[in-house]
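Visitor: Structure in structure tokens, see below.
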Amino acid sequence: LSPKIKRFGDTTRAYTIGHFLDYRYGKSTKYTFSFFYVLLAFLWMAIQFVAIAQLLKILLGVNFIFALLASVIVTIIYTSLAGLISDILTDFFQFWVMLLTFLILVPLLWIKSDGLATLTALPSTYFDPLAFGGVAFLIGGILLSGLVLVPSVHYWQRIYAAESATTSKKSFLYSIPGVIFFVAASAIIGLFAVSLVPQGDPDSVLFVLMMTYLPSGLLGLCFAGIIAVV
């Protein structure tokens with residue numbers, strides 16, 4: 001879809017998905033989409049605030065509610081003053097830091113937990129794609145997880161800003177291996193956590209594993225990368 005979106009943007013000088021909805025379906029559709037997307041944005045922000053609050057709680061030992069409020073205040077100041085350019089720069093930084101984190105953390109956890117023995121000792125339901133919600137959930141999850149990207153304002157702006165339709169298409173194709181790697185690495189780390197931190201809090205187990213098994217310098221870089229993600 002990206003080449004078509006890019007051509008539309010170039011033809012109509014559109015800059016957001018709202019321009020497309022207004023052009024094709026009228027202002028009422030644009031405003032309806034905007035209303036629901038604002039709700040979604042608040043939900044997504046809430047998830048991000050919880051993530052950084054968990055990180056501060058583990059790093060500094062501060063109260064979770066205090067860390068949550070601090071996260072909100074800092075984020076508002078940051079986004080108000082820094083703008084889009086710094087967001088692009090932090091995204092670039094955090095990608096390479098998190099890539100380095102996973103490339104080091106996964107082999108370390110494999111060695112520490114005797115990887116193959118740990119994975120084979122887990123219940124078979126951990127590897128059953130139908131165990132969570134059955135066939136309907138699996139098929140629906142795959143289809144809807146693909147469709148949910150279509151109305152993403154971030155992707156539309158990324159496409160509009162591309163140099164050409166070909167460039168926008170390549171950017172998505174080139175990102176596929178990275179997406180697969182990060183999803184697979186996250187799943188593997190989660191499986192190791194079952195063995196290494198059996199009573200751990202699922203929301204913070206990644207941080208616990210990092211603090212336990214990563215050397216100091218890399219640990220600092222990784223935490224900086226996670227803060228950049230949030």
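Going through the structure tokens in order, the chains are called A, B, and so on, while each chain numbers its residues from 1 and the ligands are numbered from 1 in the order shown.
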Which residues, written as a list in words, have at least one atom at most 9 Å from stretch 37-51 of chain A, with only C-alpha atoms counted and residues fewer than 5 positions away on the same chain left out?

Guide: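 Answer for this query is Thr32, Leu56, Phe64, Ala67, Leu68, Leu69, Ser71, Val72, Thr75, Val153, Asp203, Ser204, Ile227, Val229 and Val230 of chain A.
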
Visitor: What residues in stretch 15-199 of chain A get the DSSP label helix (DSSP H, G or I)? Please answer as a PyMOL selection string.

Guide: chain A and resi 17-25+27-60+64-112+115-121+124-127+134-147+153-160+165-196

Visitor: One number please: atom CA of A:Tyr25 to atom CA of A:Val150, in Å, one decimal.

Guide: 16.4 Å

Visitor: For A:Phe127, which residue out of A:Leu218, A:Met211, A:Ala187, A:Ile17 is the nearest one, using only C-alpha atoms?

Guide: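 Counting only C-alpha atoms, the residue closest to A:Phe127 is A:Ala187.
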
Visitor: Hey, what's within 12 Å of A:Gly178 if we count only C-alpha atoms and toss same-chain stuff fewer than 5 positions away? As a ChimeraX atom specification, please?

Guide: /A:95-96,98-99,102,171-173,183-185

Visitor: I need the chosen residues saved as an mmCIF file, in the first residue's frame, with C-alpha atoms.

Guide:
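See selection.cif below for the written result:
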data_model
loop_
_atom_site.group_PDB
_atom_site.id
_atom_site.type_symbol
_atom_site.label_atom_id
_atom_site.label_comp_id
_atom_site.auth_asym_id
_atom_site.auth_seq_id
_atom_site.Cartn_x
_atom_site.Cartn_y
_atom_site.Cartn_z
ATOM 1 C CA PHE A 95 17.409 0.886 17.740
ATOM 2 C CA TRP A 96 21.150 0.190 17.738
ATOM 3 C CA MET A 98 18.487 -2.416 21.819
ATOM 4 C CA LEU A 99 19.896 -4.485 18.960
ATOM 5 C CA PHE A 102 19.547 -8.508 22.500
ATOM 6 C CA SER A 171 11.812 0.927 4.017
ATOM 7 C CA PHE A 172 9.053 -1.508 4.971
ATOM 8 C CA LEU A 173 10.634 -4.480 3.201
ATOM 9 C CA VAL A 183 9.930 -10.524 18.288
ATOM 10 C CA ALA A 184 11.859 -13.814 18.362
ATOM 11 C CA ALA A 185 14.499 -12.465 20.781
#

Visitor: Using only C-alpha atoms, what does the table of stretch 129-176 of chain A residues within 10 Å of stretch 1-14 of chain A look like, with each row giving the shortest atom pair and its distance in Å to one decimal, sorted by chain and ascending number, as a tab-separated table?

Guide:
residue	atom	partner	partner_atom	distance
A:Val150	CA	A:Leu1	CA	8.5
A:Tyr155	CA	A:Ser2	CA	8.8
A:Trp156	CA	A:Ile5	CA	7.4
A:Gln157	CA	A:Ala14	CA	9.3
A:Arg158	CA	A:Lys6	CA	9.4
A:Ile159	CA	A:Lys6	CA	5.8
A:Tyr160	CA	A:Lys6	CA	5.3
A:Ala161	CA	A:Lys6	CA	8.3
A:Ala162	CA	A:Lys6	CA	7.7
A:Glu163	CA	A:Lys6	CA	9.3
A:Ser164	CA	A:Lys6	CA	7.2
A:Ala165	CA	A:Pro3	CA	4.4
A:Thr166	CA	A:Pro3	CA	6.7
A:Thr167	CA	A:Pro3	CA	8.7
A:Ser168	CA	A:Ser2	CA	6.2
A:Lys169	CA	A:Ser2	CA	5.8
A:Lys170	CA	A:Ser2	CA	9.5
A:Ser171	CA	A:Ser2	CA	9.7
A:Phe172	CA	A:Ser2	CA	8.5

Visitor: Of the residues A:Tyr78, A:Leu221, A:Phe181, A:Lys30, which is the one nearest to A:Thr16, using only C-alpha atoms?

Guide: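 That would be A:Lys30, the residue with the smallest distance to A:Thr16.
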
Visitor: Go through A:Thr101, A:Gly18, A:Ala70, A:Ser152 one by one, measure the shortest atom-to-atom distance of each to A:Leu206 using only C-alpha atoms, and give the residue with the smallest value.

Guide: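 Nearest to A:Leu206: A:Thr101.
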
Visitor: For A:Ile58, please output as a list in words all residues within 9 Å (counting only C-alpha atoms; exclusion window: fewer than 4 positions along the same chain).

Guide: Ala53, Gln54, Val62, Ser204, Phe207 and Val208 of chain A

Visitor: Could you work out how far atom CA of A:Ser175 lies from atom CA of A:Leu138, giving the answer in Å with one decimal?

Guide: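 Answer for the atom CA of A:Leu138 to atom CA of A:Ser175 separation: 23.2 Å.
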